[in-house]
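A short write-up of the structure that comes next.
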Amino acid sequence: MSKPKVRETVVVVGGGGAGAPTVRELSARLDPDRFNLILITARPFYIHLPACIRMAVTADGRLENRSLMPYDQNFVKGNGKLVIGKVVSIARSEDEDKPGGYVTLENGEKIDYSVLVLTPGSIWEGPLSFPDKKPDVLKWLADWRKKFEDAQEILLVGGGAIGIEYAGEIKDIWPHKKVTIVHGDKLLLNKAYPSSWRRTLTKRVRKMGVEVILDDFVDTLEPVDGVITTRSGHVITTDFVVPCRGGRPNTEFVETLGPGAVVEGSRVKVTPTLQLFKYPRVFAGGDVIDWYEQKQVAKYYTHASIIARNVVALLDKKHPPAIYTGKYEVMVLTMGKNGGASYFEALWGLRFGDWFSTVIKSRGLFVGMARAKMGLH
């Protein structure tokens, strides 16, 4: 009597902005009679990052009620399994008849994979460095909201999208609080966007009453006698310092896969099929990939589609057909609930102000759209 065929397993590590849509795509495409699908992620819920800046500043609207989303409906027709844990290492199989390998979790559990997808996202600091359990997240939010409310002189370290949106939220609620941004470039944001728009944006932020110090750096987040001194010698009085420097790729565990898996900048080197160089049974998407583009959730739905198509092809012993060529840059910045600024790289570089930005993002923060994409109402 022949043995029943063992089902191959696809493991996705990380359930954030890239991992959640990848799992949804895979659960719709994989035949549950032939394949297992497992999502390994640190939290039993998805955090919708575009809502988190406002959510950390104020309880208005109780965004946490709709921005912390369960995964149960993200598996199409229940096709998939959720494992709560953190991967600490990756091993490859040495058995040629059993391609793939296994991942080891923080608790020592080992989970086999035939194909592995890496979407572990970023490690954040400050208010965006959320705990893993929901009660702890709710307390975390309450604590940060109290800090923002009590502070009178707020220093935002970093003038990218995060710093600009924090400034907008603070000034929207407390227009008379002193807010300062220190940014290590000659204009706000970075060189992915045209200087003319960045110049206009910098003027706009200053017009909100925010002091903007450019081409300078803050080396410590702890004030001394109520003062922070920048690298260039600016003396800033502050009673609350908020790091807004963006996230770091969460790839330390990926280094255990082998040489070349993680390259300079702690990112994962991928081919246009979003497979790792030298490791064709491993795919990656989202913040961690070494791809010349701004890291934004909006792009990751395309990453997810490419990865899902190629994983299915690989499991069917076909050449992965889908190619990622990148996406044009889009930036929609909130400046409180009723303001913002937007840039679209398409055509000649489209630019929009308050009305457009408010309708697109500032009012709803894409929460409804994100919930729909997770299968929620």
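By convention here, the chains of the structure tokens are called A, B, ... in the order presented, each chain's residues are numbered starting at 1, and ligands are numbered starting at 1 in the order presented.
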Would you kindly return, as a PDB file with C-alpha atoms, in the first residue's frame, each protein, DNA or RNA residue with an atom no farther than 12 Å from any atom of segment 47-49 of chain A, considering only C-alpha atoms and excluding same-chain residues fewer than 6 positions away?
```pdb
ATOM      1  CA  GLY A  14       5.342  38.367   9.573  1.00  0.00           C
ATOM      2  CA  GLY A  15       1.723  39.484   9.380  1.00  0.00           C
ATOM      3  CA  GLY A  16       2.100  43.210   8.809  1.00  0.00           C
ATOM      4  CA  GLY A  17       1.569  45.421   5.772  1.00  0.00           C
ATOM      5  CA  ALA A  18       3.195  42.930   3.384  1.00  0.00           C
ATOM      6  CA  GLY A  19       2.530  39.670   5.213  1.00  0.00           C
ATOM      7  CA  ALA A  20      -1.234  40.047   5.687  1.00  0.00           C
ATOM      8  CA  THR A  41       3.522  36.513  13.520  1.00  0.00           C
ATOM      9  CA  MET A  55      -3.912  56.893  17.366  1.00  0.00           C
ATOM     10  CA  ALA A  56      -0.826  57.513  19.551  1.00  0.00           C
ATOM     11  CA  LEU A  63      -9.068  54.402  16.216  1.00  0.00           C
ATOM     12  CA  GLU A  64      -7.815  51.364  18.111  1.00  0.00           C
ATOM     13  CA  ASN A  65     -11.298  49.841  17.873  1.00  0.00           C
ATOM     14  CA  ARG A  66     -10.953  49.467  14.102  1.00  0.00           C
ATOM     15  CA  SER A  67      -7.187  49.657  13.482  1.00  0.00           C
ATOM     16  CA  LEU A  68      -6.263  46.547  15.493  1.00  0.00           C
ATOM     17  CA  MET A  69      -7.653  43.850  13.218  1.00  0.00           C
ATOM     18  CA  PRO A  70      -8.021  40.092  13.799  1.00  0.00           C
ATOM     19  CA  TYR A  71      -6.580  37.695  11.240  1.00  0.00           C
ATOM     20  CA  GLY A 121       8.560  44.354   8.486  1.00  0.00           C
ATOM     21  CA  SER A 122      10.458  46.905  10.541  1.00  0.00           C
ATOM     22  CA  TRP A 124      10.177  50.860  15.268  1.00  0.00           C
ATOM     23  CA  PRO A 127       5.136  55.417  20.047  1.00  0.00           C
ATOM     24  CA  LEU A 128       5.174  53.007  17.083  1.00  0.00           C
ATOM     25  CA  SER A 129       7.118  50.334  18.998  1.00  0.00           C
ATOM     26  CA  PHE A 130       3.959  48.508  20.040  1.00  0.00           C
ATOM     27  CA  PRO A 131       3.869  45.594  22.499  1.00  0.00           C
ATOM     28  CA  ASP A 132       2.557  42.235  21.295  1.00  0.00           C
ATOM     29  CA  LYS A 133      -0.524  41.738  23.493  1.00  0.00           C
ATOM     30  CA  LYS A 134      -3.691  43.762  23.012  1.00  0.00           C
ATOM     31  CA  VAL A 137      -1.114  47.935  23.359  1.00  0.00           C
ATOM     32  CA  ILE A 162       6.393  60.337  10.452  1.00  0.00           C
ATOM     33  CA  GLY A 247      12.015  51.786  11.166  1.00  0.00           C
ATOM     34  CA  GLN A 296       5.101  52.058   1.903  1.00  0.00           C
ATOM     35  CA  VAL A 297       2.208  49.707   2.638  1.00  0.00           C
ATOM     36  CA  ALA A 298       0.413  50.760  -0.543  1.00  0.00           C
ATOM     37  CA  GLY A 364     -10.261  58.163   7.369  1.00  0.00           C
ATOM     38  CA  LEU A 365      -6.568  57.081   7.335  1.00  0.00           C
ATOM     39  CA  PHE A 366      -7.400  54.186   4.966  1.00  0.00           C
ATOM     40  CA  VAL A 367      -8.870  52.220   7.864  1.00  0.00           C
ATOM     41  CA  GLY A 368     -11.995  51.105   5.969  1.00  0.00           C
ATOM     42  CA  MET A 369      -9.958  50.060   2.952  1.00  0.00           C
ATOM     43  CA  ALA A 370      -7.532  48.072   5.094  1.00  0.00           C
ATOM     44  CA  ARG A 371     -10.372  46.289   6.880  1.00  0.00           C
ATOM     45  CA  LYS A 373      -8.703  43.916   2.322  1.00  0.00           C
ATOM     46  CA  MET A 374      -8.539  41.825   5.518  1.00  0.00           C
TER      47      MET A 374
END
```
Quiz item: So how many Å separate atom CA of Asp112 of chain A and atom CA of Ile323 of chain A, to one decimal?
Solution: 27.0 Å
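Using only C-alpha atoms, the smallest distance between any of A:Gly339, A:Gly163, A:Gly61, A:Gly80 and Gly246 of chain A comes from A:Gly163.
Between atom CA of Thr256 of chain A and atom CA of Gln275 of chain A there is a distance of 16.7 Å.
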Practice problem: Extract, using only C-alpha atoms, all DNA, RNA and protein residues at most 9 Å from His176 of chain A, discarding same-chain residues fewer than 2 positions from it, and format them as a ChimeraX atom specification. | Solution: /A:152,171,174,178-179,209
Practice problem: Skip Gly336 of chain A itself and residues of its chain fewer than 6 positions away, then list as an MDAnalysis selection string all residues within 9 Å of it, counting only C-alpha atoms. | Solution: chainID A and resid 54 165:173 358 362:363
For those residues, write C-alpha atoms to a file as a PDB file, in the first residue's frame.
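Result file result12.pdb:
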```pdb
ATOM      1  CA  ARG A  54      -3.005  59.877  15.209  1.00  0.00           C
ATOM      2  CA  GLU A 165       2.390  63.798  10.466  1.00  0.00           C
ATOM      3  CA  TYR A 166       3.091  63.948  14.206  1.00  0.00           C
ATOM      4  CA  ALA A 167       3.559  67.699  13.890  1.00  0.00           C
ATOM      5  CA  GLY A 168       0.260  68.012  12.039  1.00  0.00           C
ATOM      6  CA  GLU A 169      -1.667  65.953  14.588  1.00  0.00           C
ATOM      7  CA  ILE A 170      -0.224  67.873  17.534  1.00  0.00           C
ATOM      8  CA  LYS A 171      -0.894  71.293  16.025  1.00  0.00           C
ATOM      9  CA  ASP A 172      -4.399  70.225  14.990  1.00  0.00           C
ATOM     10  CA  ILE A 173      -5.341  69.508  18.611  1.00  0.00           C
ATOM     11  CA  THR A 358      -8.124  65.088   3.405  1.00  0.00           C
ATOM     12  CA  SER A 362      -6.488  62.575   6.495  1.00  0.00           C
ATOM     13  CA  ARG A 363     -10.112  61.977   7.378  1.00  0.00           C
TER      14      ARG A 363
END
```
Practice problem: as a PyMOL selection string, list the residues of segment 201-347 of chain A assigned to alpha helix (DSSP H) by DSSP on the backbone atoms of this structure. | Solution: chain A and resi 201-207+297-315
Quiz item: Hey, what's within 8 Å of segment 89-102 of chain A if we count only C-alpha atoms and toss same-chain stuff fewer than 2 positions away? As a ChimeraX atom specification, please?
Solution: /A:87,104-105,110-116,253-254,256-257,281
Exercise. Grab the atom CA of Tyr324 of chain A to atom CA of Ala304 of chain A distance for me, in Å with one decimal place.
Key: 10.4 Å
Practice problem: Would you please work out which residue, of A:Lys337, A:Lys361, A:Arg62, A:Lys77, is nearest to Leu30 of chain A when using only C-alpha atoms? | Solution: A:Lys77
Self-check item: Spatial neighbours of Val117 of chain A, 8 Å, only C-alpha atoms, chain gap at least 5 places, as a PyMOL selection string
Solution: chain A and resi 10-13+282-285
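Candidate residues A:Leu214, A:Gly375, A:Arg34, A:Pro249 were compared for distance to Gly78 of chain A, and the nearest is A:Gly375, using only C-alpha atoms.
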Quiz item: Pick from A:Ala308, A:Asp150, A:Thr230, A:Ile40: nearest to Val103 of chain A, with only C-alpha atoms counted?
Solution: A:Ile40
